[in-house]
Amino acid sequence: MRLFCISALIACTASGALACPNGATQLVSCTFNDGSRYLETCLLGSYATYAFGHTDKRPDLRLARPVTEVEMTPWPGVSRYIWEDMTFVNGAVRYKVYANVDRLEQGGELMLLGGVVVSQNDRTLATLECDVGSVETQDWLQPLFTAKEGSGQYYSQEERVWK
């Protein structure tokens with residue numbers, strides 16, 4: 001049954017860019033290289049998805065993981081930057097997706113920034129920053145945080161780890 005659910009979830013993310021499956025909650029999505037590539041992360045029930053590829057094409061990479069297997073660092077509530085990140089693991093490769101905003105930015109509207117850092121064995125393979133103005137999120141990563149808690153995990157602020 002678990003294999004069927006994962007397959008169905010991945011199939012749902014195979015459609016066009018920047019559109020979470022029906023019933024899913026967008027976590028962080030954006031474009032790269034002047035809109036020619038995209039990143040999309042979504043939450044559907046107890047699964048989180050990651051999709052990366054060329055805009056308006058099927059993703060080059062799709063991952064679906066139980067929320068208990070997605071690493072997440074919630075904003076600690078201090079500093080001038082509001083930021084959160086989550087990491088999807090695929091074998092030895094890690095995809096760390098982040099979003100942030102400078103709360104003290106002067107001269108206008110706050111700009112949400114984001115990107116993904118791809119690493120393997122503590123070596124950075126790629127760092128991609130989202131196109132300026134393309135980052136979209138609904139409630140940051142709060143839905144993922146809530147889903148992780150709903151799965152029985154809790155975040156230890158003192159140790160900065162999920163248990």
# chains A, B, ... in the order shown; residues from 1 in each chain; ligands from 1

call {"tool": "residues_around", "arguments": {"residues": "range 133-142 of chain A", "least_positions_apart": "3", "cutoff": "8 Å", "atoms": "only C-alpha atoms", "output": "VMD selection string"}}
result
chain A and resid 25 to 31 74 84 to 85 99 111 to 114 130 145 to 146

call {"tool": "write_last_selection", "arguments": {"atoms": "all heavy atoms", "output": "compact mmCIF listing (two decimals), in the first residue's frame"}}
result
# COMPACT_ATOMS: atom_id res chain seq x y z
N THR A 25 -0.61 21.22 -0.36
CA THR A 25 -0.25 22.55 0.10
C THR A 25 1.14 22.89 -0.41
O THR A 25 2.07 22.10 -0.26
CB THR A 25 -0.24 22.60 1.65
OG1 THR A 25 -1.53 22.26 2.12
CG2 THR A 25 0.16 23.98 2.15
N GLN A 26 1.27 24.04 -1.04
CA GLN A 26 2.57 24.49 -1.50
C GLN A 26 3.45 24.82 -0.30
O GLN A 26 3.00 25.47 0.64
CB GLN A 26 2.40 25.73 -2.38
CG GLN A 26 3.69 26.29 -2.89
CD GLN A 26 3.45 27.59 -3.64
OE1 GLN A 26 2.82 28.50 -3.11
NE2 GLN A 26 3.93 27.65 -4.86
N LEU A 27 4.70 24.37 -0.34
CA LEU A 27 5.66 24.74 0.70
C LEU A 27 6.53 25.87 0.17
O LEU A 27 6.34 27.01 0.54
CB LEU A 27 6.49 23.52 1.12
CG LEU A 27 5.67 22.40 1.79
CD1 LEU A 27 6.52 21.16 2.01
CD2 LEU A 27 5.06 22.89 3.11
N VAL A 28 7.49 25.58 -0.70
CA VAL A 28 8.32 26.60 -1.33
C VAL A 28 8.44 26.26 -2.80
O VAL A 28 8.76 25.12 -3.15
CB VAL A 28 9.73 26.67 -0.70
CG1 VAL A 28 10.61 27.66 -1.46
CG2 VAL A 28 9.66 27.04 0.77
N SER A 29 8.18 27.22 -3.67
CA SER A 29 8.33 27.04 -5.10
C SER A 29 8.97 28.30 -5.69
O SER A 29 8.79 29.39 -5.15
CB SER A 29 6.98 26.81 -5.77
OG SER A 29 6.38 25.63 -5.28
N CYS A 30 9.71 28.13 -6.78
CA CYS A 30 10.33 29.28 -7.43
C CYS A 30 10.86 28.86 -8.80
O CYS A 30 10.83 27.68 -9.15
CB CYS A 30 11.47 29.85 -6.59
SG CYS A 30 12.94 28.82 -6.49
N THR A 31 11.37 29.85 -9.54
CA THR A 31 12.01 29.59 -10.81
C THR A 31 13.49 29.97 -10.73
O THR A 31 13.90 30.73 -9.83
CB THR A 31 11.35 30.37 -11.97
OG1 THR A 31 11.49 31.78 -11.73
CG2 THR A 31 9.89 29.98 -12.12
N PRO A 74 13.17 24.77 11.59
CA PRO A 74 12.25 25.91 11.72
C PRO A 74 13.00 27.16 12.17
O PRO A 74 14.07 27.08 12.78
CB PRO A 74 11.27 25.44 12.80
CG PRO A 74 12.01 24.42 13.59
CD PRO A 74 13.02 23.80 12.66
N GLU A 84 13.69 29.48 6.98
CA GLU A 84 13.43 28.08 7.29
C GLU A 84 13.99 27.26 6.15
O GLU A 84 14.15 27.76 5.03
CB GLU A 84 11.94 27.80 7.45
CG GLU A 84 11.37 28.45 8.69
CD GLU A 84 9.92 28.08 8.97
OE1 GLU A 84 9.14 27.90 8.01
OE2 GLU A 84 9.59 27.97 10.15
N ASP A 85 14.32 26.00 6.43
CA ASP A 85 14.79 25.13 5.37
C ASP A 85 14.30 23.71 5.61
O ASP A 85 13.90 23.35 6.71
CB ASP A 85 16.30 25.17 5.21
CG ASP A 85 17.06 24.68 6.42
OD1 ASP A 85 16.81 23.55 6.91
OD2 ASP A 85 17.95 25.40 6.91
N ALA A 99 14.06 29.24 2.28
CA ALA A 99 13.40 30.52 1.99
C ALA A 99 13.75 31.47 3.12
O ALA A 99 13.88 31.06 4.28
CB ALA A 99 11.89 30.34 1.88
N MET A 111 11.29 41.34 0.32
CA MET A 111 11.48 40.42 -0.79
C MET A 111 11.80 39.04 -0.25
O MET A 111 12.79 38.86 0.47
CB MET A 111 12.63 40.91 -1.67
CG MET A 111 12.87 40.04 -2.89
SD MET A 111 11.50 40.02 -4.08
CE MET A 111 11.50 41.70 -4.61
N LEU A 112 10.97 38.09 -0.59
CA LEU A 112 11.18 36.71 -0.21
C LEU A 112 12.23 36.11 -1.14
O LEU A 112 12.11 36.22 -2.36
CB LEU A 112 9.87 35.93 -0.30
CG LEU A 112 9.86 34.50 0.18
CD1 LEU A 112 10.23 34.40 1.66
CD2 LEU A 112 8.47 33.90 -0.03
N LEU A 113 13.27 35.51 -0.58
CA LEU A 113 14.34 34.89 -1.35
C LEU A 113 14.36 33.40 -1.06
O LEU A 113 13.81 32.95 -0.06
CB LEU A 113 15.69 35.52 -0.99
CG LEU A 113 15.78 37.03 -1.16
CD1 LEU A 113 17.10 37.54 -0.60
CD2 LEU A 113 15.63 37.42 -2.62
N GLY A 114 15.02 32.64 -1.91
CA GLY A 114 15.10 31.20 -1.68
C GLY A 114 16.06 30.53 -2.62
O GLY A 114 16.69 31.17 -3.45
N CYS A 130 16.96 31.24 -6.31
CA CYS A 130 15.73 31.49 -7.06
C CYS A 130 15.78 32.84 -7.75
O CYS A 130 16.42 33.78 -7.25
CB CYS A 130 14.53 31.47 -6.12
SG CYS A 130 14.26 29.89 -5.30
N PHE A 145 5.91 21.52 9.42
CA PHE A 145 6.13 21.44 10.86
C PHE A 145 4.94 20.75 11.53
O PHE A 145 5.11 19.82 12.32
CB PHE A 145 6.33 22.85 11.43
CG PHE A 145 6.71 22.89 12.88
CD1 PHE A 145 8.05 22.99 13.25
CD2 PHE A 145 5.75 22.84 13.89
CE1 PHE A 145 8.42 23.03 14.59
CE2 PHE A 145 6.11 22.88 15.21
CZ PHE A 145 7.45 22.98 15.57
N THR A 146 3.74 21.19 11.18
CA THR A 146 2.52 20.61 11.76
C THR A 146 2.37 19.14 11.38
O THR A 146 2.00 18.31 12.21
CB THR A 146 1.29 21.42 11.28
OG1 THR A 146 1.45 22.78 11.69
CG2 THR A 146 0.00 20.86 11.85

call {"tool": "residues_around", "arguments": {"residues": "Ser119 in chain A", "least_positions_apart": "4", "cutoff": "10 Å", "atoms": "only C-alpha atoms", "output": "PyMOL selection string"}}
result
chain A and resi 89+92-96+123-127

call {"tool": "closest_residue", "arguments": {"among": "A:Asn90, A:Ser151, A:Gln120, A:Thr73", "to": "Tyr50 in chain A", "atoms": "only C-alpha atoms"}}
result
A:Asn90

call {"tool": "select_by_dssp", "arguments": {"residues": "chain A", "states": "strand (DSSP E)", "output": "PyMOL selection string"}}
result
chain A and resi 25-32+37-44+47-54+61-66+71-73+81-90+93-102+113-120+123-129+136-137+155-156+161-162

call {"tool": "residues_around", "arguments": {"residues": "Ile82 in chain A", "least_positions_apart": "3", "cutoff": "7 Å", "atoms": "only C-alpha atoms", "output": "MDAnalysis selection string"}}
result
chainID A and resid 75 100:103

call {"tool": "write_last_selection", "arguments": {"atoms": "all heavy atoms", "output": "mmCIF file, in the first residue's frame"}}
result
data_model
loop_
_atom_site.group_PDB
_atom_site.id
_atom_site.type_symbol
_atom_site.label_atom_id
_atom_site.label_comp_id
_atom_site.auth_asym_id
_atom_site.auth_seq_id
_atom_site.Cartn_x
_atom_site.Cartn_y
_atom_site.Cartn_z
ATOM 1 N N TRP A 75 12.440 28.320 11.821
ATOM 2 C CA TRP A 75 13.034 29.582 12.229
ATOM 3 C C TRP A 75 13.095 29.631 13.751
ATOM 4 O O TRP A 75 12.091 29.379 14.433
ATOM 5 C CB TRP A 75 12.190 30.734 11.686
ATOM 6 C CG TRP A 75 12.697 32.097 12.043
ATOM 7 C CD1 TRP A 75 13.965 32.565 11.876
ATOM 8 C CD2 TRP A 75 11.957 33.170 12.610
ATOM 9 N NE1 TRP A 75 14.063 33.859 12.291
ATOM 10 C CE2 TRP A 75 12.837 34.262 12.766
ATOM 11 C CE3 TRP A 75 10.641 33.320 13.010
ATOM 12 C CZ2 TRP A 75 12.438 35.483 13.292
ATOM 13 C CZ3 TRP A 75 10.250 34.545 13.525
ATOM 14 C CH2 TRP A 75 11.132 35.608 13.668
ATOM 15 N N ASN A 100 13.924 32.758 2.781
ATOM 16 C CA ASN A 100 14.237 33.745 3.812
ATOM 17 C C ASN A 100 13.812 35.134 3.376
ATOM 18 O O ASN A 100 13.579 35.386 2.201
ATOM 19 C CB ASN A 100 15.728 33.716 4.176
ATOM 20 C CG ASN A 100 16.619 34.095 3.017
ATOM 21 O OD1 ASN A 100 16.525 35.190 2.485
ATOM 22 N ND2 ASN A 100 17.490 33.190 2.609
ATOM 23 N N VAL A 101 13.713 36.005 4.362
ATOM 24 C CA VAL A 101 13.392 37.406 4.115
ATOM 25 C C VAL A 101 14.111 38.235 5.176
ATOM 26 O O VAL A 101 14.252 37.808 6.322
ATOM 27 C CB VAL A 101 11.855 37.656 4.149
ATOM 28 C CG1 VAL A 101 11.273 37.458 5.522
ATOM 29 C CG2 VAL A 101 11.509 39.027 3.610
ATOM 30 N N ASP A 102 14.600 39.405 4.783
ATOM 31 C CA ASP A 102 15.258 40.338 5.687
ATOM 32 C C ASP A 102 14.173 41.250 6.272
ATOM 33 O O ASP A 102 13.587 42.057 5.560
ATOM 34 C CB ASP A 102 16.297 41.152 4.924
ATOM 35 C CG ASP A 102 17.076 42.112 5.816
ATOM 36 O OD1 ASP A 102 16.693 42.337 6.986
ATOM 37 O OD2 ASP A 102 18.091 42.650 5.328
ATOM 38 N N ARG A 103 13.903 41.087 7.589
ATOM 39 C CA ARG A 103 12.826 41.865 8.220
ATOM 40 C C ARG A 103 13.146 43.347 8.312
ATOM 41 O O ARG A 103 12.248 44.162 8.458
ATOM 42 C CB ARG A 103 12.547 41.338 9.635
ATOM 43 C CG ARG A 103 12.041 39.934 9.643
ATOM 44 C CD ARG A 103 11.591 39.491 10.994
ATOM 45 N NE ARG A 103 12.635 39.598 11.992
ATOM 46 C CZ ARG A 103 12.415 39.651 13.302
ATOM 47 N NH1 ARG A 103 11.190 39.624 13.764
ATOM 48 N NH2 ARG A 103 13.411 39.725 14.147
#

call {"tool": "atom_distance", "arguments": {"atom1": "CA of Glu69 in chain A", "atom2": "CA of Cys42 in chain A"}}
result
14.3 Å

call {"tool": "atom_distance", "arguments": {"atom1": "CA of Gly45 in chain A", "atom2": "CA of Leu63 in chain A"}}
result
14.9 Å

call {"tool": "closest_residue", "arguments": {"among": "A:Val78, A:Met72, A:Ala64, A:Leu110", "to": "Val97 in chain A", "atoms": "only C-alpha atoms"}}
result
A:Met72
